[in-house]
Amino acid sequence: MRIHPSILSADFGRFADELESIRSADAAHVDVMDNHFVPNLTFGLPVVARLNELSPIPLDVHLMISDADQHAPKYAELGVDSVTFHLEACRDPLALARRLHRIGSKAAVAIKPATPVSELAELVTEVDMILIMTVEPGFGGQQLIEQTLQKVGSARDLIRSRDVSVGLQVDGGVTESNIGKLAELGADVFVAGTAVFSGEDRAERISALRDEALSHSHQ
Ligand code: DX5
Ligand code: ZN
């Protein structure tokens, strides 16, 4: 059970302290948005490069950008631990996953709420992690869309059917009240922005989320 706080909810003027405050988490989730694939703009390569230097824990970079085939490799080249691209923003996902691996990062693929899990059938053996978006990508602080829950179960079934060790990440509206249900359905990597950064004591928020997920896990 891995907890990845999303620094989209952090204070952008104090990144070093904010990253330090989540050092008990498994990775820092970094949301890159281009104002094209999603209607919001965050940060790009130079900022992610600096975050990677500052962070005491690995970076999990979630790219919400168009033309991932061209741009995602540049993030892997920064030396971040993991790069997630959106299936909807990619022409050749298989080639991209292999390229990210050759550069040396983990490769993960994300799908938006309307994209069916069946579209991942051929990719599942080629990636380290699948990300099921539980909100429409673009903004933190939204409520989890209930209809995405069954996709978490289907994604876990898909991973099991191929007998591979692939992480199953959920992102958007994850709270202490719904993380147990998500863990029961088979998620094992949890992004949480608001749920971690709205609290004063981030270590306490992280361990409360992790304990709640663990107590509902089948694994
Ligand atoms: C949304 C981002 C999320 C966001 C999650 O597009 O991908 O990572 O930061 O924030 P919360 O946990 O507040 O929904
Ligand atoms: Zn994200």
# chains A, B, ... in the order shown; residues from 1 in each chain; ligands from 1

$ closest_atom_pairs --of "region 160-207 of chain A" --to "region 21-39 of chain A" --cutoff "8 Å" --atoms "only C-alpha atoms" --output "JSON lines"
{"residue": "A:Val191", "atom": "CA", "partner": "A:His29", "partner_atom": "CA", "distance": 6.9}
{"residue": "A:Arg202", "atom": "CA", "partner": "A:Ile22", "partner_atom": "CA", "distance": 6.1}
{"residue": "A:Ala203", "atom": "CA", "partner": "A:Ser24", "partner_atom": "CA", "distance": 6.2}
{"residue": "A:Ile206", "atom": "CA", "partner": "A:Ala25", "partner_atom": "CA", "distance": 6.5}

$ residues_around --residues "Glu119 (chain A)" --least-positions-apart "2" --cutoff "12 Å" --atoms "only C-alpha atoms" --output "PDB file with N, CA and C atoms, in the first residue's frame"
ATOM      1  N   HIS A  86      -0.855   9.780 -20.422  1.00  0.00           N
ATOM      2  CA  HIS A  86      -2.261   9.429 -20.657  1.00  0.00           C
ATOM      3  C   HIS A  86      -2.420   8.684 -21.974  1.00  0.00           C
ATOM      4  N   LEU A  87      -3.168   7.608 -21.928  1.00  0.00           N
ATOM      5  CA  LEU A  87      -3.446   6.827 -23.139  1.00  0.00           C
ATOM      6  C   LEU A  87      -4.096   7.716 -24.195  1.00  0.00           C
ATOM      7  N   GLU A  88      -4.955   8.652 -23.746  1.00  0.00           N
ATOM      8  CA  GLU A  88      -5.700   9.523 -24.672  1.00  0.00           C
ATOM      9  C   GLU A  88      -4.799  10.548 -25.361  1.00  0.00           C
ATOM     10  N   PRO A  93       1.420   4.041 -27.569  1.00  0.00           N
ATOM     11  CA  PRO A  93       1.718   3.839 -26.148  1.00  0.00           C
ATOM     12  C   PRO A  93       2.750   2.738 -25.877  1.00  0.00           C
ATOM     13  N   VAL A 109       0.718   4.129 -17.338  1.00  0.00           N
ATOM     14  CA  VAL A 109      -0.279   4.657 -18.256  1.00  0.00           C
ATOM     15  C   VAL A 109      -1.546   5.009 -17.481  1.00  0.00           C
ATOM     16  N   ALA A 110      -2.123   6.168 -17.797  1.00  0.00           N
ATOM     17  CA  ALA A 110      -3.319   6.658 -17.109  1.00  0.00           C
ATOM     18  C   ALA A 110      -4.505   6.673 -18.069  1.00  0.00           C
ATOM     19  N   ILE A 111      -5.705   6.454 -17.520  1.00  0.00           N
ATOM     20  CA  ILE A 111      -6.915   6.651 -18.323  1.00  0.00           C
ATOM     21  C   ILE A 111      -7.898   7.561 -17.590  1.00  0.00           C
ATOM     22  N   LYS A 112      -8.573   8.382 -18.381  1.00  0.00           N
ATOM     23  CA  LYS A 112      -9.579   9.304 -17.860  1.00  0.00           C
ATOM     24  C   LYS A 112     -10.852   8.514 -17.514  1.00  0.00           C
ATOM     25  N   ALA A 114     -13.783   8.395 -18.703  1.00  0.00           N
ATOM     26  CA  ALA A 114     -14.610   7.856 -19.795  1.00  0.00           C
ATOM     27  C   ALA A 114     -13.906   6.775 -20.624  1.00  0.00           C
ATOM     28  N   THR A 115     -12.634   6.551 -20.387  1.00  0.00           N
ATOM     29  CA  THR A 115     -11.891   5.560 -21.190  1.00  0.00           C
ATOM     30  C   THR A 115     -11.993   4.183 -20.549  1.00  0.00           C
ATOM     31  N   PRO A 116     -12.440   3.176 -21.315  1.00  0.00           N
ATOM     32  CA  PRO A 116     -12.613   1.849 -20.712  1.00  0.00           C
ATOM     33  C   PRO A 116     -11.291   1.134 -20.418  1.00  0.00           C
ATOM     34  N   VAL A 117     -11.306   0.330 -19.372  1.00  0.00           N
ATOM     35  CA  VAL A 117     -10.125  -0.437 -18.961  1.00  0.00           C
ATOM     36  C   VAL A 117      -9.682  -1.399 -20.066  1.00  0.00           C
ATOM     37  N   ALA A 121      -5.633  -3.540 -22.419  1.00  0.00           N
ATOM     38  CA  ALA A 121      -5.374  -4.988 -22.474  1.00  0.00           C
ATOM     39  C   ALA A 121      -3.983  -5.328 -23.018  1.00  0.00           C
ATOM     40  N   GLU A 122      -3.534  -4.609 -24.038  1.00  0.00           N
ATOM     41  CA  GLU A 122      -2.238  -4.957 -24.623  1.00  0.00           C
ATOM     42  C   GLU A 122      -1.056  -4.303 -23.922  1.00  0.00           C
ATOM     43  N   LEU A 123      -1.346  -3.257 -23.172  1.00  0.00           N
ATOM     44  CA  LEU A 123      -0.259  -2.508 -22.531  1.00  0.00           C
ATOM     45  C   LEU A 123       0.110  -3.042 -21.159  1.00  0.00           C
ATOM     46  N   VAL A 124      -0.807  -3.776 -20.556  1.00  0.00           N
ATOM     47  CA  VAL A 124      -0.657  -4.101 -19.134  1.00  0.00           C
ATOM     48  C   VAL A 124       0.639  -4.851 -18.834  1.00  0.00           C
ATOM     49  N   ILE A 130      -0.663   1.107 -13.648  1.00  0.00           N
ATOM     50  CA  ILE A 130      -1.832   1.644 -14.344  1.00  0.00           C
ATOM     51  C   ILE A 130      -2.447   2.684 -13.418  1.00  0.00           C
ATOM     52  N   LYS A 151     -14.226   0.482 -12.469  1.00  0.00           N
ATOM     53  CA  LYS A 151     -13.035   0.381 -13.334  1.00  0.00           C
ATOM     54  C   LYS A 151     -11.813  -0.059 -12.525  1.00  0.00           C
ATOM     55  N   SER A 154     -12.088  -3.731 -12.401  1.00  0.00           N
ATOM     56  CA  SER A 154     -11.771  -4.335 -13.712  1.00  0.00           C
ATOM     57  C   SER A 154     -10.277  -4.288 -13.989  1.00  0.00           C
ATOM     58  N   ALA A 155      -9.637  -3.184 -13.589  1.00  0.00           N
ATOM     59  CA  ALA A 155      -8.192  -3.072 -13.823  1.00  0.00           C
ATOM     60  C   ALA A 155      -7.453  -4.115 -12.988  1.00  0.00           C
ATOM     61  N   LEU A 158      -7.800  -7.373 -14.716  1.00  0.00           N
ATOM     62  CA  LEU A 158      -6.925  -7.428 -15.893  1.00  0.00           C
ATOM     63  C   LEU A 158      -5.484  -7.763 -15.477  1.00  0.00           C
TER      64      LEU A 158
END

$ residues_near_ligand --ligand "ligand 2" --cutoff "12 Å" --atoms "only C-alpha atoms and all ligand atoms" --output "VMD selection string"
chain A and resid 4 to 9 28 to 33 38 42 59 to 65 83 to 86 109 to 112 131 to 142 169 to 174 189 to 194

$ residues_around --residues "Leu51 (chain A)" --least-positions-apart "4" --cutoff "9 Å" --atoms "only C-alpha atoms" --output "ChimeraX atom specification"
/A:15-16,19,30,46-47,55,59

$ select_by_dssp --residues "region 13-217 of chain A" --states "alpha helix (DSSP H)" --output "VMD selection string"
chain A and resid 15 to 21 45 to 54 68 to 76 93 to 103 149 to 162 179 to 185 194 to 197 202 to 215

$ closest_residue --among "A:Glu126, A:Glu53, A:Asp92, A:Asp211" --to "Ala68 (chain A)" --atoms "only C-alpha atoms"
A:Asp92

$ atom_distance --atom1 "CA of Leu94 (chain A)" --atom2 "CA of Ser161 (chain A)"
19.2 Å
